[in-house]
Every structure is written in C-alpha cells, then in structure tokens.
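Undergrad: This is the structure I have questions about; it appears just below.
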Amino acid sequence: MQFELTSTLLWLGESHVRILVVLVLVASVFLAVVKGRSKVVLVHAKATVDITSRSPNGKLRKQSLLARIKQSCPSLVGRFVPSPFLANGHFQTLYAGASARVSDKSFSYERELLNLPDGGVVAIDWAKPAVQDHEDYAVKPILILLHGLGGGSYDKYILDVIPLALAAGFRVAALNSRGCGGIAIATPQLYSGSYTQDVRLMIDHIHSKNHPSVPMVGVGFSLGANILMKCVGEDGVHSKLTACVSVANPYDLHVGQTFLHSTWMGKQFYSRIMADGLKAFFKKHQNVFDKNPDYEGHIDPIVSEQVHKTTYLSEFDESITRRMFGFRTVYEYYRCGSSAQFIPAIAIPTLLLSDLNDPIAMKESIPYADILGNPNLVLAVTKRGGHLGWYEGWLPRRWYPKPIIEFATMICKFPSCQYEVYAERAKGSCFEARTLQP
C-alpha cells in the first residue's frame, strides 16, 4: 500500500501533488466550516433527577440535573466545531493517536502503589501542580481518571484534562490498572473490560483516606469508561462516587466488535492496530504468564505463542482475555463485559459524552432506550469528534476537558452547595431485575 501511494505521487509530479494537497486542505476547511458545526445534542429522561443543595442559611434548593447542566455547563449547550484540518471522525482519531505521547505537563505525579488481596498491584498517580495554592488540600473534591485500552496515567487524553482540573480546585487521581503505567505484574492477570473489582478497590481506598463529605467524581475514557460505568451500575446506590463521566464509551462490546469488523477500515486498520498494541503490552509481562502455565484463575491455558500470532482484536481477546477472566468464549466475554446492561442501575448523576462519528466506539452501541429510562443520566452527543479526539481550533486543542470540568464543578462546587449534593437514586439492579424474572 505504501509503495502504491508513493508511485502514484511520483506519477502525478510535484506540482500536481501540491495542487492535490491544497485541494484536500480546502475540502477539509469547507467540511469543518460548512458542515462541521454541530450543536451538542442532549439525550435524557423526560424528567431528570432532582439535585438538592443546601444554602448557607440552611434552606434547601431543588433543581433538576438537566437544568443545572444547562445553567452551569456552557460547553454542553453550545456547538462543537472541529479543527479545520480534522473535519471527520477518522482524521480526529488518527491525530489523537499520532499525538498520544506528546504533552507539555505543568504538573508532576506522586505515585501510590496499592497491593490487592490476590497479590496483584495497581497504582494511583496523584497530580501535583508546579505551584501549590494555600487552600486546605484535604477538603478539595477529587477527580478520579481511568485510562482506556492499554493506556495509563501518562496518555495524552488523560494529561489534557488535568491542568484544567487543578486550576478548578480539584485534586486529581489518575489510576493505573494492572500492568499499566510501568507497573510490573505480580500475578498472571492483567485487566479487562469486564473486571471491575480493581477499580472498585482503588475508589474505596481513595474514599477511605478522605473525609466522607469530600466529593469524588469518576471519569472513564474508552474501555475505562466501560469499566467505570459497569462498576457504578453494579454498585447502584452503594457507589462511593458522587458522580461520574463517561467519555467515548463503547457500551456494548459485542455490538461494537461486530460493527468494527463490518468495514475494511475498522477490521484491517483499527482492529489490527489495537491488537498490535495489546500484543506489545502482553510481551512486557509475558514472563509471568510463561512461569504460571497452569494458573488456577485461568479457565483455559494461555499460550504466549498463540497470543503473538493473533491479528485482530477479537483474536487477542480469545487467546488471553476471556481465558484470564473465566469466559467460555470471547463473545460471552463481550456480552457479559458490556456496561450497557448496567446503565439502568446507575444511581448517581452521570454525564455521558459520545460522538456519532467515532470509528471505534460506534454510535450503534449507544443504549439510547436505557439512557432515556434512567433520570440520573444525561448523554451529550456530538459529530465529527472521532475517538478520544474532539479537537477544535486552528491549533488543535481538545474540547472534552471543558464539559468534564464544568460538570464536575457543578456537582461538587455548585454555589451554596457546601459539598452537600443529594440525588434521588435508582432502585434495584440488573441482577435483581433478572432474579425477579420467571
């Protein structure tokens, strides 16, 4: 493919190439200016949950979640306008991938290692601003960030949120799953979209170190959004989080995989790239698996040679992920690991950010009916933002940090709220609902 492209450019000649480049740029600008402007569409229940805050004089004030979002989150009632040269979902996604490791940090991390009951290890990276303020650190609300597939606290889509969060007065805890963020694994287990216990333990640990009145807002990205939403849905009214945000959630892993492989670009490009990244990730920890070929936690043997022979994402998940977490087939893992089935049980105020032109977390996976049925949720939908892209401006900068911080600030630091935010909670859970069925 590379050879064919080079030959074509040589055949066109230098002047023709320049003309072609100019035409492509003009077309991109046209798409961005004329078609790229799209209003952020909010999808929600007919009546969203009432949030009650207490004023300094003790009076209670009720206002719906939707009304507060419209009042306090200008990014969610305006438009998303993509960068002129990144006018579709593929351009946005590719640019996000190309700039994944490029970031100018105005803060440092302080790492806290957490030993898990089964011998595993995870890490919490606490962001420390270059210049400390004089406010009482202990009473500041906490923003908890969870990375996506094969990522960690140093991924740019995580780093781009932190300066805004610190400036808004948040403490920031960036989580690193098993094997991520430079952590060596101690047992032959990594992480997956279905397994929520590690995240739950990290949230519980953060909660236990702080006063119960300190708000905690969880933010998940891509597969991390799936894990976080599944965790929050499983916990229902017992969630330790005050609120949460889902960014580019794949929601339904089975549907997403099916649609991803339904196009040439999805299967031969995105699926291959994700599989290659995961194989490189596995290679870092392969020796632990090779030393434990008969590990009792695995439903079937994990053979390193077979893992490295995989080509597509589903093949990788078949060769290792479903075996690590006790699933009989890869599609059983996808069905059981999908957060969509837990959307009805989420019982805390939740903002969902999705893009209709996301080539990885596709629009076909968005569980609209379940979102409409849960008054605790508001889905914000954009166009031409891609997967974890959402770049805007001539000098591309990400859009989504703004609505994340606006929403978190509204929940945690709403005027006269004094960190006392209450919400009507959804009752029951997916598991209870299934138990009641004949």
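Chain lettering (A, B, ...) mirrors the order of the structure tokens, residue numbering begins at 1 for each chain separately, and ligand numbering begins at 1 in order of display.
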As a short mmCIF file (atom, residue, chain, number, x, y, z; two decimals) with N, CA, C and O atoms, in the first residue's frame, which residues of stretch 72-280 of chain A does DSSP assign to alpha helix (DSSP H)?

TA:
data_model
loop_
_atom_site.label_atom_id
_atom_site.label_comp_id
_atom_site.auth_asym_id
_atom_site.auth_seq_id
_atom_site.Cartn_x
_atom_site.Cartn_y
_atom_site.Cartn_z
N SER A 72 -24.98 25.55 34.12
CA SER A 72 -23.59 25.58 34.59
C SER A 72 -22.57 25.01 33.62
O SER A 72 -21.37 25.10 33.88
N GLY A 89 -14.41 12.03 11.67
CA GLY A 89 -14.05 11.16 12.78
C GLY A 89 -12.72 10.45 12.61
O GLY A 89 -11.97 10.28 13.58
N HIS A 90 -12.39 10.04 11.38
CA HIS A 90 -11.13 9.35 11.14
C HIS A 90 -9.94 10.29 11.34
O HIS A 90 -8.95 9.92 11.98
N PHE A 91 -10.02 11.51 10.79
CA PHE A 91 -8.93 12.47 10.96
C PHE A 91 -8.70 12.76 12.44
O PHE A 91 -7.56 12.82 12.92
N GLN A 92 -9.81 12.96 13.18
CA GLN A 92 -9.70 13.25 14.61
C GLN A 92 -9.04 12.09 15.35
O GLN A 92 -8.15 12.29 16.20
N THR A 93 -9.45 10.88 15.03
CA THR A 93 -8.93 9.68 15.70
C THR A 93 -7.45 9.48 15.39
O THR A 93 -6.65 9.17 16.29
N LEU A 94 -7.09 9.64 14.12
CA LEU A 94 -5.69 9.46 13.73
C LEU A 94 -4.79 10.52 14.36
O LEU A 94 -3.67 10.22 14.79
N TYR A 95 -5.28 11.74 14.41
CA TYR A 95 -4.49 12.81 15.04
C TYR A 95 -4.31 12.52 16.53
O TYR A 95 -3.22 12.74 17.09
N ALA A 96 -5.37 12.04 17.18
CA ALA A 96 -5.28 11.69 18.59
C ALA A 96 -4.23 10.61 18.82
O ALA A 96 -3.45 10.66 19.77
N GLY A 97 -4.20 9.63 17.91
CA GLY A 97 -3.20 8.57 18.02
C GLY A 97 -1.80 9.06 17.78
O GLY A 97 -0.85 8.66 18.47
N ALA A 98 -1.65 9.96 16.78
CA ALA A 98 -0.32 10.46 16.42
C ALA A 98 0.27 11.33 17.53
O ALA A 98 1.49 11.40 17.70
N LYS A 156 -2.00 11.05 26.65
CA LYS A 156 -2.30 12.47 26.46
C LYS A 156 -3.78 12.79 26.70
O LYS A 156 -4.11 13.87 27.15
N TYR A 157 -4.67 11.85 26.37
CA TYR A 157 -6.09 12.14 26.60
C TYR A 157 -6.40 12.25 28.09
O TYR A 157 -7.40 12.86 28.47
N ILE A 158 -5.53 11.67 28.94
CA ILE A 158 -5.64 11.86 30.39
C ILE A 158 -4.98 13.18 30.79
O ILE A 158 -5.55 14.00 31.53
N LEU A 159 -3.77 13.40 30.30
CA LEU A 159 -3.00 14.58 30.68
C LEU A 159 -3.68 15.87 30.28
O LEU A 159 -3.51 16.90 30.96
N ILE A 162 -6.01 17.25 33.12
CA ILE A 162 -5.51 17.54 34.47
C ILE A 162 -5.24 19.03 34.73
O ILE A 162 -5.63 19.53 35.80
N PRO A 163 -4.59 19.78 33.82
CA PRO A 163 -4.37 21.21 34.13
C PRO A 163 -5.65 21.97 34.42
O PRO A 163 -5.70 22.79 35.34
N LEU A 164 -6.69 21.69 33.64
CA LEU A 164 -7.98 22.36 33.85
C LEU A 164 -8.57 21.95 35.19
O LEU A 164 -9.16 22.78 35.90
N ALA A 165 -8.42 20.69 35.55
CA ALA A 165 -8.96 20.19 36.82
C ALA A 165 -8.24 20.83 38.01
O ALA A 165 -8.88 21.24 38.99
N LEU A 166 -6.92 20.90 37.93
CA LEU A 166 -6.15 21.51 39.02
C LEU A 166 -6.50 22.99 39.16
O LEU A 166 -6.64 23.51 40.28
N ALA A 167 -6.65 23.67 38.03
CA ALA A 167 -6.99 25.10 38.06
C ALA A 167 -8.38 25.33 38.65
O ALA A 167 -8.64 26.38 39.24
N GLN A 197 -13.45 -5.14 39.88
CA GLN A 197 -13.07 -5.17 41.29
C GLN A 197 -11.83 -4.32 41.58
O GLN A 197 -11.77 -3.66 42.63
N ASP A 198 -10.86 -4.30 40.68
CA ASP A 198 -9.67 -3.48 40.92
C ASP A 198 -10.01 -2.01 41.01
O ASP A 198 -9.52 -1.28 41.89
N VAL A 199 -10.86 -1.53 40.11
CA VAL A 199 -11.27 -0.12 40.12
C VAL A 199 -12.05 0.18 41.39
O VAL A 199 -11.86 1.21 42.03
N ARG A 200 -12.93 -0.74 41.76
CA ARG A 200 -13.72 -0.56 42.98
C ARG A 200 -12.81 -0.44 44.21
O ARG A 200 -13.03 0.42 45.07
N LEU A 201 -11.78 -1.27 44.28
CA LEU A 201 -10.86 -1.22 45.41
C LEU A 201 -10.07 0.08 45.43
O LEU A 201 -9.80 0.63 46.50
N MET A 202 -9.69 0.59 44.25
CA MET A 202 -8.97 1.86 44.20
C MET A 202 -9.87 3.01 44.64
O MET A 202 -9.45 3.91 45.38
N ILE A 203 -11.13 2.99 44.20
CA ILE A 203 -12.08 4.02 44.63
C ILE A 203 -12.32 3.93 46.13
O ILE A 203 -12.33 4.96 46.84
N ASP A 204 -12.50 2.73 46.64
CA ASP A 204 -12.70 2.54 48.07
C ASP A 204 -11.49 3.03 48.87
O ASP A 204 -11.63 3.64 49.94
N HIS A 205 -10.30 2.77 48.35
CA HIS A 205 -9.07 3.20 49.02
C HIS A 205 -9.01 4.72 49.10
O HIS A 205 -8.69 5.29 50.16
N ILE A 206 -9.30 5.39 47.99
CA ILE A 206 -9.28 6.86 47.98
C ILE A 206 -10.33 7.41 48.94
O ILE A 206 -10.08 8.35 49.70
N HIS A 207 -11.50 6.80 48.92
CA HIS A 207 -12.59 7.23 49.79
C HIS A 207 -12.21 7.08 51.27
O HIS A 207 -12.50 7.96 52.10
N SER A 208 -11.54 5.98 51.60
CA SER A 208 -11.18 5.70 52.99
C SER A 208 -10.14 6.68 53.54
O SER A 208 -10.05 6.88 54.74
N LEU A 223 -12.39 2.20 26.93
CA LEU A 223 -12.64 0.98 27.70
C LEU A 223 -12.71 1.28 29.19
O LEU A 223 -13.45 0.63 29.93
N GLY A 224 -11.96 2.28 29.65
CA GLY A 224 -12.04 2.70 31.04
C GLY A 224 -13.42 3.23 31.40
O GLY A 224 -13.90 3.07 32.52
N ALA A 225 -14.09 3.87 30.43
CA ALA A 225 -15.46 4.33 30.65
C ALA A 225 -16.40 3.14 30.80
O ALA A 225 -17.31 3.14 31.63
N ASN A 226 -16.17 2.10 29.99
CA ASN A 226 -16.98 0.90 30.09
C ASN A 226 -16.82 0.26 31.48
O ASN A 226 -17.80 -0.12 32.13
N ILE A 227 -15.56 0.15 31.94
CA ILE A 227 -15.29 -0.45 33.25
C ILE A 227 -15.92 0.37 34.36
O ILE A 227 -16.56 -0.15 35.28
N LEU A 228 -15.76 1.70 34.29
CA LEU A 228 -16.28 2.57 35.34
C LEU A 228 -17.81 2.53 35.39
O LEU A 228 -18.40 2.42 36.47
N MET A 229 -18.47 2.61 34.21
CA MET A 229 -19.93 2.58 34.18
C MET A 229 -20.46 1.23 34.67
O MET A 229 -21.48 1.16 35.36
N LYS A 230 -19.79 0.16 34.33
CA LYS A 230 -20.18 -1.16 34.80
C LYS A 230 -20.04 -1.25 36.31
O LYS A 230 -20.92 -1.77 37.01
N CYS A 231 -18.95 -0.72 36.85
CA CYS A 231 -18.70 -0.71 38.28
C CYS A 231 -19.78 0.09 39.01
O CYS A 231 -20.35 -0.37 40.02
N VAL A 232 -20.07 1.28 38.50
CA VAL A 232 -21.06 2.15 39.14
C VAL A 232 -22.45 1.52 39.06
O VAL A 232 -23.24 1.59 40.02
N GLY A 233 -22.76 0.87 37.93
CA GLY A 233 -24.05 0.20 37.81
C GLY A 233 -24.16 -0.99 38.74
O GLY A 233 -25.22 -1.23 39.34
N GLU A 234 -23.08 -1.74 38.87
CA GLU A 234 -23.08 -2.88 39.79
C GLU A 234 -23.29 -2.43 41.24
O GLU A 234 -23.99 -3.08 42.01
N ASP A 235 -22.67 -1.31 41.60
CA ASP A 235 -22.75 -0.82 42.98
C ASP A 235 -24.08 -0.12 43.27
O ASP A 235 -24.49 -0.05 44.43
N LEU A 253 -19.80 -4.23 23.96
CA LEU A 253 -18.59 -4.74 23.33
C LEU A 253 -18.89 -5.71 22.20
O LEU A 253 -18.14 -5.78 21.22
N HIS A 254 -19.98 -6.46 22.30
CA HIS A 254 -20.35 -7.40 21.25
C HIS A 254 -20.81 -6.67 20.00
O HIS A 254 -20.33 -6.94 18.89
N VAL A 255 -21.73 -5.73 20.16
CA VAL A 255 -22.20 -4.94 19.02
C VAL A 255 -21.04 -4.14 18.43
O VAL A 255 -20.88 -4.06 17.20
N GLY A 256 -20.22 -3.55 19.29
CA GLY A 256 -19.10 -2.75 18.81
C GLY A 256 -18.12 -3.57 17.98
O GLY A 256 -17.65 -3.11 16.93
N GLN A 257 -17.79 -4.77 18.45
CA GLN A 257 -16.89 -5.65 17.71
C GLN A 257 -17.48 -6.03 16.36
O GLN A 257 -16.78 -6.04 15.34
N THR A 258 -18.77 -6.31 16.33
CA THR A 258 -19.43 -6.69 15.08
C THR A 258 -19.37 -5.56 14.07
O THR A 258 -19.03 -5.78 12.90
N PHE A 259 -19.69 -4.36 14.49
CA PHE A 259 -19.67 -3.22 13.57
C PHE A 259 -18.25 -2.81 13.21
O PHE A 259 -17.99 -2.37 12.08
N LEU A 260 -17.31 -2.95 14.15
CA LEU A 260 -15.91 -2.62 13.85
C LEU A 260 -15.40 -3.49 12.71
O LEU A 260 -14.71 -2.99 11.81
N TRP A 264 -13.83 -2.35 6.06
CA TRP A 264 -12.41 -2.62 5.84
C TRP A 264 -11.56 -1.80 6.81
O TRP A 264 -10.62 -2.33 7.42
N ARG A 272 -6.54 -4.14 13.84
CA ARG A 272 -5.14 -4.59 13.79
C ARG A 272 -4.26 -3.75 14.71
O ARG A 272 -3.40 -4.28 15.42
N ILE A 273 -4.45 -2.44 14.66
CA ILE A 273 -3.63 -1.54 15.48
C ILE A 273 -3.84 -1.82 16.96
O ILE A 273 -2.88 -1.90 17.74
N MET A 274 -5.09 -2.00 17.37
CA MET A 274 -5.36 -2.28 18.78
C MET A 274 -4.77 -3.63 19.19
O MET A 274 -4.20 -3.77 20.28
N ALA A 275 -4.87 -4.63 18.30
CA ALA A 275 -4.30 -5.94 18.60
C ALA A 275 -2.77 -5.85 18.72
O ALA A 275 -2.18 -6.44 19.63
N ASP A 276 -2.14 -5.11 17.83
CA ASP A 276 -0.68 -4.96 17.89
C ASP A 276 -0.25 -4.27 19.18
O ASP A 276 0.75 -4.66 19.81
N GLY A 277 -1.00 -3.26 19.58
CA GLY A 277 -0.68 -2.57 20.82
C GLY A 277 -0.82 -3.48 22.04
O GLY A 277 0.00 -3.44 22.95
N LEU A 278 -1.85 -4.31 22.03
CA LEU A 278 -2.07 -5.23 23.14
C LEU A 278 -1.02 -6.34 23.17
O LEU A 278 -0.61 -6.79 24.25
N LYS A 279 -0.58 -6.78 21.99
CA LYS A 279 0.48 -7.80 21.96
C LYS A 279 1.78 -7.24 22.53
O LYS A 279 2.51 -7.95 23.25
N ALA A 280 2.07 -5.99 22.21
CA ALA A 280 3.27 -5.35 22.77
C ALA A 280 3.13 -5.19 24.29
O ALA A 280 4.10 -5.37 25.04
#

Undergrad: For the structure I just gave you, how does DSSP split stretch 335-427 of chain A - specifically, which residues are strand (DSSP E or B)? Reply as a PyMOL selection string.

TA: chain A and resi 350-355+377-382+391-392+397-398+422-423

Undergrad: Using only C-alpha atoms, which residues sit within 10 Å of A:Pro293 once same-chain residues fewer than 3 positions away are excluded, as a PyMOL selection string?

TA: chain A and resi 188+288-290+296+298+300-304

Undergrad: Residues near stretch 149-152 of chain A, anyone? I mean within 6 Å using only C-alpha atoms, not counting same-chain ones fewer than 4 positions away, as a ChimeraX atom specification.

TA: /A:176,180-181,223

Undergrad: Suppose we keep C-alpha atoms; can you now write the selection as a JSON list (two decimals), in the first residue's frame?

TA:
[["chain", "number", "residue", "atom", "x", "y", "z"],
["A", 176, "ASN", "CA", -3.22, 2.68, 36.51],
["A", 180, "CYS", "CA", -0.19, -0.29, 33.08],
["A", 181, "GLY", "CA", 1.79, 2.88, 33.75],
["A", 223, "LEU", "CA", -12.64, 0.98, 27.70]]
